[in-house]
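Engineer: Here it is, the structure, as structure tokens.
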Amino acid sequence: MTEEITLTGRAGAAPPERGWPPPVRDWLPLDLDGTDFDPVLAGLMREGPLTRIRLPFGEGWAWLATRYEDVKLVTNDPRFGRAEVARRQVTRLAPDFAPRPGSLAWADQPEHNRLRKPVAGAFTVSAMKRLRPRAQRILDELMDGVVRNGPPADLVERVLEPFPITVVSEVMGVPSADREQVHAWTRQIISTSGGAEAARAAKTGLYGWITTAVRSRAHSTDEDVYSLLGAAVSRGEISEEEAVGLAGPLQIGGEAVTHNCGQMLFLMLTRPELMERVRTRPEARGPVLDELLRHIPHRSTVGLARIALEDVEVGGHRITAGEPVYVSYLAANRDPAVFPDPDRIDPDRHPNPHLAFGNGPHYCTGAVLARLQTELLVGTLLDRLPALRLAVPPDQVPWRHKTMIRGPRALPVTW
């Protein structure tokens, strides 16, 4: 029987003896405050390049790849597939597991391209250029309110939540009257509090709403995502079930911008030299934001698994057909072989081939939209509030717990 050792919460666990396979490590998500790197993941990286983990839900164990080159291999090699995961109870972080047909997350090629095609036009660079003026107006209106009401203000409540919600809702085609309810569902779905029952209830509500939205736009010529999906269904390109499964993760994905930007702004607000750099050199903000995207620990544990469809050698070891595999983009972004002095924020880091938006066919569909929102948020906040600073000591900023996406629960500031 394989020795099983719990690593939960231990940053400096001793590496296992040189044997194969490595022991199975229980990885329970920690409620971490601030932007500190998960000590459990740090320990797994030291044991790597391949370790075995067991997450709170699901069954069995899974391989974990943490080295940059191995993460890129697993995520871009057709010998590892997502579709098979949807038919199994693989060990996982999420309390509820109900994959839907049509979801890009569980599709392999060529199905992935077929499903992605109807919505691809909504997330192109040219589409984002058309969206930018409208997004800037939305943000300016929010900032007008912040300035009018004066300090102090909670940036999460006043800007970081409402701005991405509004922009993503416009891209998706969510009417104003429904946005708060849709946001409540998506917020619960990415939470691990409430357990499987709360997650199932939120998914039932959200996917029921999406079904109605897709049906009602079967003959629409608009360019929002729900209209594009309704039209694709009416043309017979995808089924209604696939359209609904495809839309859900796109709607939920808007939550990440709020929490990623919250972490990035917290780092700027607690590191004067970083804030000064971003504030005084607006023409060079892009590379700094990329470095912050590389650095921030944007999620708890890991995302979605893959299954080895045949025997594959990874990191000098064989993964056997049928075994589940996770990758950690957070770990890959701290690989010293690719990012010298990886724990340091280096605004001049070049090159910076980070994997914050993923890799391979499952590269984030909304990456261009997320970049647009991040650039606008950071730039507008610093330009409109040049004296922006925290209104409380850094250790009094509250952080989100029991969640799959890390970030500040509130960001109290003054100016």
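By convention in this document, the chains of the structure tokens carry letters A, B, ... by their order, each chain's residues are numbered from 1, and ligands are numbered from 1 in the order they are shown.
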Can you tell me, as a PyMOL selection string, what residues are no more than 12 Å from Pro393 (chain A) when counting only C-alpha atoms, ignoring any on the same chain fewer than 3 positions away?
Structural biologist: chain A and resi 266+269-270+389-390+396-398+411-414
Engineer: Output all heavy atoms for every residue in that selection, as a short mmCIF file (atom, residue, chain, number, x, y, z; two decimals), in the first residue's frame.
Structural biologist:
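Saved to selection_22.cif:
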```cif
data_model
loop_
_atom_site.label_atom_id
_atom_site.label_comp_id
_atom_site.auth_asym_id
_atom_site.auth_seq_id
_atom_site.Cartn_x
_atom_site.Cartn_y
_atom_site.Cartn_z
N PHE A 266 -3.85 45.68 -4.49
CA PHE A 266 -3.31 45.53 -3.13
C PHE A 266 -1.78 45.55 -3.15
O PHE A 266 -1.14 46.20 -2.31
CB PHE A 266 -3.81 44.23 -2.51
CG PHE A 266 -3.24 43.96 -1.14
CD1 PHE A 266 -3.75 44.57 -0.01
CD2 PHE A 266 -2.17 43.07 -1.00
CE1 PHE A 266 -3.22 44.32 1.25
CE2 PHE A 266 -1.62 42.81 0.25
CZ PHE A 266 -2.15 43.44 1.37
N LEU A 269 -0.65 49.09 -3.73
CA LEU A 269 -0.92 49.95 -2.58
C LEU A 269 -0.04 49.64 -1.38
O LEU A 269 0.04 50.44 -0.44
CB LEU A 269 -2.40 49.82 -2.19
CG LEU A 269 -3.39 50.42 -3.19
CD1 LEU A 269 -4.81 49.92 -2.92
CD2 LEU A 269 -3.35 51.94 -3.13
N THR A 270 0.60 48.50 -1.39
CA THR A 270 1.48 48.14 -0.28
C THR A 270 2.96 48.15 -0.66
O THR A 270 3.81 47.85 0.18
CB THR A 270 1.11 46.73 0.26
OG1 THR A 270 1.12 45.79 -0.82
CG2 THR A 270 -0.26 46.75 0.91
N ARG A 389 -4.41 55.55 -1.76
CA ARG A 389 -3.66 54.78 -0.76
C ARG A 389 -4.65 54.00 0.10
O ARG A 389 -5.85 54.31 0.12
CB ARG A 389 -2.79 55.68 0.11
CG ARG A 389 -3.56 56.71 0.91
CD ARG A 389 -2.62 57.72 1.56
NE ARG A 389 -3.32 58.65 2.44
CZ ARG A 389 -3.96 59.74 2.04
NH1 ARG A 389 -3.98 60.04 0.74
NH2 ARG A 389 -4.58 60.53 2.90
N LEU A 390 -4.15 53.00 0.79
CA LEU A 390 -5.00 52.22 1.68
C LEU A 390 -5.51 53.08 2.82
O LEU A 390 -4.78 53.92 3.36
CB LEU A 390 -4.26 51.02 2.25
CG LEU A 390 -4.05 49.79 1.35
CD1 LEU A 390 -3.26 48.73 2.09
CD2 LEU A 390 -5.39 49.22 0.88
N GLN A 396 -5.25 44.67 7.89
CA GLN A 396 -6.68 44.80 8.20
C GLN A 396 -7.55 44.72 6.94
O GLN A 396 -8.77 44.87 7.02
CB GLN A 396 -6.94 46.11 8.94
CG GLN A 396 -6.38 46.12 10.35
CD GLN A 396 -6.71 47.39 11.11
OE1 GLN A 396 -7.67 48.09 10.80
NE2 GLN A 396 -5.91 47.69 12.13
N VAL A 397 -6.93 44.52 5.78
CA VAL A 397 -7.72 44.30 4.56
C VAL A 397 -8.31 42.89 4.63
O VAL A 397 -7.57 41.91 4.80
CB VAL A 397 -6.84 44.45 3.30
CG1 VAL A 397 -7.59 44.00 2.06
CG2 VAL A 397 -6.35 45.88 3.16
N PRO A 398 -9.64 42.76 4.52
CA PRO A 398 -10.25 41.41 4.62
C PRO A 398 -10.15 40.66 3.30
O PRO A 398 -10.29 41.24 2.23
CB PRO A 398 -11.72 41.73 4.95
CG PRO A 398 -11.97 43.07 4.32
CD PRO A 398 -10.65 43.82 4.39
N LEU A 411 -11.52 46.45 -0.25
CA LEU A 411 -10.25 47.16 -0.41
C LEU A 411 -10.49 48.62 -0.03
O LEU A 411 -10.73 49.48 -0.88
CB LEU A 411 -9.75 47.04 -1.85
CG LEU A 411 -8.27 47.31 -2.11
CD1 LEU A 411 -7.38 46.42 -1.24
CD2 LEU A 411 -7.94 47.08 -3.58
N PRO A 412 -10.42 48.91 1.29
CA PRO A 412 -10.71 50.27 1.76
C PRO A 412 -9.57 51.22 1.39
O PRO A 412 -8.41 50.98 1.73
CB PRO A 412 -10.81 50.11 3.29
CG PRO A 412 -10.86 48.63 3.54
CD PRO A 412 -10.14 47.99 2.40
N VAL A 413 -9.90 52.31 0.70
CA VAL A 413 -8.88 53.26 0.25
C VAL A 413 -9.32 54.69 0.58
O VAL A 413 -10.49 54.97 0.84
CB VAL A 413 -8.63 53.14 -1.27
CG1 VAL A 413 -8.07 51.79 -1.61
CG2 VAL A 413 -9.90 53.44 -2.06
N THR A 414 -8.34 55.58 0.54
CA THR A 414 -8.59 57.00 0.63
C THR A 414 -7.67 57.68 -0.37
O THR A 414 -6.90 57.03 -1.04
CB THR A 414 -8.35 57.49 2.07
OG1 THR A 414 -8.78 58.86 2.17
CG2 THR A 414 -6.90 57.37 2.48
#
```
Engineer: If we count only C-alpha atoms, what is near Arg371 (chain A) at a cut-off of 10 Å, once residues fewer than 5 positions away on the same chain are taken out, given as a PyMOL selection string?
Structural biologist: chain A and resi 128+257+286+289-290+293+357+366+376-377
Engineer: Name the closest residue to Ala120 (chain A) among the candidates A:Leu229, A:Ser216, A:Ala370, A:Glu84; distances are taken between atoms, counting only C-alpha atoms.
Structural biologist: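 Among the listed residues, the smallest separation from Ala120 (chain A) belongs to A:Leu229.
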Engineer: Quick one, how far is CA of Tyr326 (chain A) from CA of Ile238 (chain A)?
Structural biologist: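 Going from CA of Tyr326 (chain A) over to CA of Ile238 (chain A) covers 29.1 Å.
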Engineer: Which residue out of A:Arg306, A:Arg67, A:Lys402, A:Arg344 has the minimum interatomic distance to Val90 (chain A) when only C-alpha atoms are used?
Structural biologist: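 Checking each of A:Arg306, A:Arg67, A:Lys402, A:Arg344 against Val90 (chain A), counting only C-alpha atoms, the winner is A:Arg306.
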Engineer: Excluding same-chain residues fewer than 6 positions from region 168-173 of chain A, what lies within 7 Å of it counting only C-alpha atoms, as a compact mmCIF listing (two decimals) with N, CA, C and O atoms, in the first residue's frame?
Structural biologist:
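Saved result, part16.txt, follows:
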```
# COMPACT_ATOMS: atom_id res chain seq x y z
N ARG A 179 -28.99 41.45 -13.86
CA ARG A 179 -27.56 41.33 -13.61
C ARG A 179 -27.22 40.98 -12.17
O ARG A 179 -26.31 40.19 -11.92
N ASP A 224 -24.28 40.10 -29.10
CA ASP A 224 -23.95 39.60 -27.76
C ASP A 224 -23.89 38.08 -27.80
O ASP A 224 -24.39 37.43 -28.72
N VAL A 225 -23.27 37.49 -26.78
CA VAL A 225 -23.02 36.04 -26.79
C VAL A 225 -24.32 35.24 -26.81
O VAL A 225 -24.43 34.25 -27.56
N TYR A 226 -25.31 35.63 -26.02
CA TYR A 226 -26.55 34.85 -26.00
C TYR A 226 -27.28 34.93 -27.34
O TYR A 226 -27.89 33.94 -27.78
N GLY A 254 -16.35 36.04 -15.58
CA GLY A 254 -16.23 37.45 -15.26
C GLY A 254 -15.83 37.73 -13.83
O GLY A 254 -15.30 38.81 -13.51
```
Engineer: Apply DSSP to the structure's backbone, then extract all residues of region 326-358 of chain A labelled helix (DSSP H, G or I) and return them as a list in words.
Structural biologist: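 In region 326-358 of chain A, DSSP puts these residues in helix (DSSP H, G or I): Tyr329, Leu330, Ala331 and Ala332 of chain A.
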Engineer: Taking 5 positions as the minimum chain separation for residues in the same chain, which residues sit within 6 Å of Asp311 (chain A) when counting only C-alpha atoms? Answer as an MDAnalysis selection string.
Structural biologist: chainID A and resid 319:321
Engineer: Keeping C-alpha atoms for every residue in the selection just given, could you write it to a file as an mmCIF file, in the first residue's frame?
Structural biologist:
```cif
data_model
loop_
_atom_site.group_PDB
_atom_site.id
_atom_site.type_symbol
_atom_site.label_atom_id
_atom_site.label_comp_id
_atom_site.auth_asym_id
_atom_site.auth_seq_id
_atom_site.Cartn_x
_atom_site.Cartn_y
_atom_site.Cartn_z
ATOM 1 C CA ILE A 319 1.911 8.481 -16.459
ATOM 2 C CA THR A 320 -0.244 5.471 -17.264
ATOM 3 C CA ALA A 321 -3.271 5.608 -19.548
#
```
Engineer: Each residue of region 47-78 of chain A with at least one atom at most 10 Å from region 20-23 of chain A should appear once, together with its nearest atom pair and the corresponding distance in Å (one decimal); atoms considered: only C-alpha atoms; ordering: chain, then increasing residue number; output as a Markdown table.
Structural biologist:
```
| residue | atom | partner | partner_atom | distance |
| --- | --- | --- | --- | --- |
| A:Glu47 | CA | A:Pro22 | CA | 8.9 |
| A:Gly48 | CA | A:Pro22 | CA | 9.2 |
| A:Leu50 | CA | A:Pro22 | CA | 8.2 |
| A:Thr51 | CA | A:Pro22 | CA | 6.1 |
| A:Arg52 | CA | A:Pro23 | CA | 6.5 |
| A:Ile53 | CA | A:Pro23 | CA | 8.4 |
| A:Trp63 | CA | A:Pro22 | CA | 9.6 |
```
Engineer: Identify, on the basis of only C-alpha atoms, every residue whose closest approach to Pro342 (chain A) does not exceed 10 Å; exclude the query and any residue fewer than 4 positions from it along the same chain; express the result as a PyMOL selection string.
Structural biologist: chain A and resi 294-295+331-338+346
Engineer: Keeping N, CA and C atoms for every residue in the selection just given, could you write it to a file as a PDB file, in the first residue's frame?
Structural biologist:
```
ATOM      1  N   ARG A 294       1.491  37.295 -13.626  1.00  0.00           N
ATOM      2  CA  ARG A 294       2.345  36.129 -13.364  1.00  0.00           C
ATOM      3  C   ARG A 294       2.458  35.861 -11.878  1.00  0.00           C
ATOM      4  N   HIS A 295       2.560  36.917 -11.085  1.00  0.00           N
ATOM      5  CA  HIS A 295       2.904  36.794  -9.672  1.00  0.00           C
ATOM      6  C   HIS A 295       1.722  36.435  -8.773  1.00  0.00           C
ATOM      7  N   ALA A 331       2.242  27.391 -10.133  1.00  0.00           N
ATOM      8  CA  ALA A 331       3.588  26.837  -9.960  1.00  0.00           C
ATOM      9  C   ALA A 331       4.441  27.085 -11.194  1.00  0.00           C
ATOM     10  N   ALA A 332       3.866  26.876 -12.369  1.00  0.00           N
ATOM     11  CA  ALA A 332       4.618  27.100 -13.608  1.00  0.00           C
ATOM     12  C   ALA A 332       5.102  28.545 -13.704  1.00  0.00           C
ATOM     13  N   ASN A 333       4.295  29.470 -13.219  1.00  0.00           N
ATOM     14  CA  ASN A 333       4.666  30.886 -13.252  1.00  0.00           C
ATOM     15  C   ASN A 333       5.741  31.243 -12.228  1.00  0.00           C
ATOM     16  N   ARG A 334       6.086  30.295 -11.359  1.00  0.00           N
ATOM     17  CA  ARG A 334       7.179  30.504 -10.391  1.00  0.00           C
ATOM     18  C   ARG A 334       8.338  29.548 -10.641  1.00  0.00           C
ATOM     19  N   ASP A 335       8.400  28.992 -11.838  1.00  0.00           N
ATOM     20  CA  ASP A 335       9.479  28.048 -12.158  1.00  0.00           C
ATOM     21  C   ASP A 335      10.771  28.834 -12.385  1.00  0.00           C
ATOM     22  N   PRO A 336      11.792  28.629 -11.538  1.00  0.00           N
ATOM     23  CA  PRO A 336      13.024  29.419 -11.678  1.00  0.00           C
ATOM     24  C   PRO A 336      13.784  29.134 -12.968  1.00  0.00           C
ATOM     25  N   ALA A 337      13.505  28.015 -13.620  1.00  0.00           N
ATOM     26  CA  ALA A 337      14.166  27.727 -14.893  1.00  0.00           C
ATOM     27  C   ALA A 337      13.683  28.656 -16.004  1.00  0.00           C
ATOM     28  N   VAL A 338      12.518  29.255 -15.814  1.00  0.00           N
ATOM     29  CA  VAL A 338      11.930  30.146 -16.823  1.00  0.00           C
ATOM     30  C   VAL A 338      11.884  31.586 -16.330  1.00  0.00           C
ATOM     31  N   ASP A 346       9.242  41.734 -10.672  1.00  0.00           N
ATOM     32  CA  ASP A 346      10.224  42.444 -11.485  1.00  0.00           C
ATOM     33  C   ASP A 346       9.502  43.147 -12.635  1.00  0.00           C
TER      34      ASP A 346
END
```
Engineer: Residues of region 216-362 of chain A classed as strand (DSSP E) by DSSP on the backbone are to be reported as a compact mmCIF listing (two decimals) with all heavy atoms, in the first residue's frame.
Structural biologist:
```txt
# COMPACT_ATOMS: atom_id res chain seq x y z
N ARG A 306 -7.19 16.55 -16.35
CA ARG A 306 -7.17 15.87 -17.64
C ARG A 306 -6.91 14.38 -17.36
O ARG A 306 -6.43 14.03 -16.30
CB ARG A 306 -6.08 16.43 -18.55
CG ARG A 306 -6.36 17.86 -19.04
CD ARG A 306 -5.12 18.45 -19.69
NE ARG A 306 -5.39 19.75 -20.32
CZ ARG A 306 -5.47 20.91 -19.64
NH1 ARG A 306 -5.28 20.93 -18.33
NH2 ARG A 306 -5.72 22.04 -20.28
N ILE A 307 -7.21 13.56 -18.35
CA ILE A 307 -6.96 12.12 -18.24
C ILE A 307 -5.93 11.72 -19.31
O ILE A 307 -6.04 12.13 -20.48
CB ILE A 307 -8.25 11.31 -18.46
CG1 ILE A 307 -9.31 11.67 -17.42
CG2 ILE A 307 -7.95 9.81 -18.44
CD1 ILE A 307 -8.97 11.25 -16.00
N ALA A 308 -4.93 10.95 -18.90
CA ALA A 308 -3.98 10.42 -19.88
C ALA A 308 -4.69 9.38 -20.74
O ALA A 308 -5.24 8.40 -20.22
CB ALA A 308 -2.79 9.80 -19.17
N VAL A 312 2.18 8.19 -21.14
CA VAL A 312 2.94 9.37 -21.55
C VAL A 312 4.05 9.61 -20.54
O VAL A 312 3.83 9.52 -19.33
CB VAL A 312 2.06 10.64 -21.63
CG1 VAL A 312 2.85 11.81 -22.20
CG2 VAL A 312 0.80 10.39 -22.44
N GLU A 313 5.24 9.94 -21.03
CA GLU A 313 6.34 10.28 -20.13
C GLU A 313 6.31 11.78 -19.86
O GLU A 313 6.32 12.59 -20.77
CB GLU A 313 7.69 9.89 -20.73
CG GLU A 313 8.85 10.14 -19.76
CD GLU A 313 10.17 9.63 -20.28
OE1 GLU A 313 10.30 8.40 -20.48
OE2 GLU A 313 11.08 10.46 -20.48
N VAL A 314 6.27 12.14 -18.60
CA VAL A 314 6.27 13.54 -18.17
C VAL A 314 7.30 13.68 -17.05
O VAL A 314 7.28 12.92 -16.09
CB VAL A 314 4.88 13.98 -17.66
CG1 VAL A 314 4.92 15.42 -17.16
CG2 VAL A 314 3.83 13.83 -18.75
N HIS A 317 9.09 10.58 -15.92
CA HIS A 317 8.33 9.48 -15.33
C HIS A 317 7.12 9.16 -16.20
O HIS A 317 6.61 10.02 -16.91
CB HIS A 317 7.88 9.82 -13.91
CG HIS A 317 9.01 10.08 -12.98
ND1 HIS A 317 9.82 9.08 -12.48
CD2 HIS A 317 9.49 11.24 -12.46
CE1 HIS A 317 10.74 9.61 -11.69
NE2 HIS A 317 10.56 10.92 -11.66
N ARG A 318 6.66 7.94 -16.13
CA ARG A 318 5.53 7.51 -16.95
C ARG A 318 4.22 7.73 -16.22
O ARG A 318 4.04 7.28 -15.08
CB ARG A 318 5.67 6.04 -17.33
CG ARG A 318 4.46 5.49 -18.09
CD ARG A 318 4.71 4.12 -18.64
NE ARG A 318 5.71 4.16 -19.70
CZ ARG A 318 6.08 3.10 -20.42
NH1 ARG A 318 5.52 1.92 -20.19
NH2 ARG A 318 7.00 3.22 -21.35
N ILE A 319 3.29 8.40 -16.90
CA ILE A 319 1.91 8.48 -16.46
C ILE A 319 1.14 7.45 -17.28
O ILE A 319 1.21 7.44 -18.51
CB ILE A 319 1.33 9.89 -16.66
CG1 ILE A 319 2.05 10.89 -15.74
CG2 ILE A 319 -0.17 9.91 -16.40
CD1 ILE A 319 1.61 12.32 -15.93
N PRO A 324 -5.60 10.39 -13.90
CA PRO A 324 -5.91 11.82 -13.97
C PRO A 324 -4.68 12.67 -13.67
O PRO A 324 -3.81 12.27 -12.88
CB PRO A 324 -6.99 12.02 -12.90
CG PRO A 324 -6.74 10.92 -11.91
CD PRO A 324 -6.16 9.76 -12.68
N VAL A 325 -4.62 13.83 -14.31
CA VAL A 325 -3.47 14.73 -14.17
C VAL A 325 -3.97 16.17 -14.00
O VAL A 325 -4.82 16.63 -14.76
CB VAL A 325 -2.55 14.68 -15.40
CG1 VAL A 325 -1.31 15.54 -15.17
CG2 VAL A 325 -2.16 13.25 -15.74
N TYR A 326 -3.45 16.85 -13.00
CA TYR A 326 -3.67 18.29 -12.85
C TYR A 326 -2.37 19.01 -13.19
O TYR A 326 -1.29 18.46 -13.03
CB TYR A 326 -4.05 18.65 -11.41
CG TYR A 326 -5.49 18.39 -11.05
CD1 TYR A 326 -5.87 17.24 -10.36
CD2 TYR A 326 -6.47 19.32 -11.38
CE1 TYR A 326 -7.19 17.02 -10.02
CE2 TYR A 326 -7.80 19.10 -11.04
CZ TYR A 326 -8.15 17.95 -10.36
OH TYR A 326 -9.46 17.74 -10.03
N VAL A 327 -2.52 20.27 -13.62
CA VAL A 327 -1.37 21.15 -13.76
C VAL A 327 -1.60 22.35 -12.86
O VAL A 327 -2.74 22.72 -12.58
CB VAL A 327 -1.15 21.63 -15.21
CG1 VAL A 327 -0.96 20.46 -16.15
CG2 VAL A 327 -2.30 22.52 -15.68
```
Engineer: Using only C-alpha atoms, can you tell me which of A:Pro249, A:Pro394, A:Gly60, A:Pro353 comes closest to Asp26 (chain A)?
Structural biologist: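 Of A:Pro249, A:Pro394, A:Gly60, A:Pro353, the one nearest Asp26 (chain A), counting only C-alpha atoms, is A:Gly60.
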Engineer: So how many Å separate CA of Pro78 (chain A) and CA of Leu369 (chain A), to one decimal?
Structural biologist: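 Going from CA of Pro78 (chain A) over to CA of Leu369 (chain A), I get 27.0 Å.
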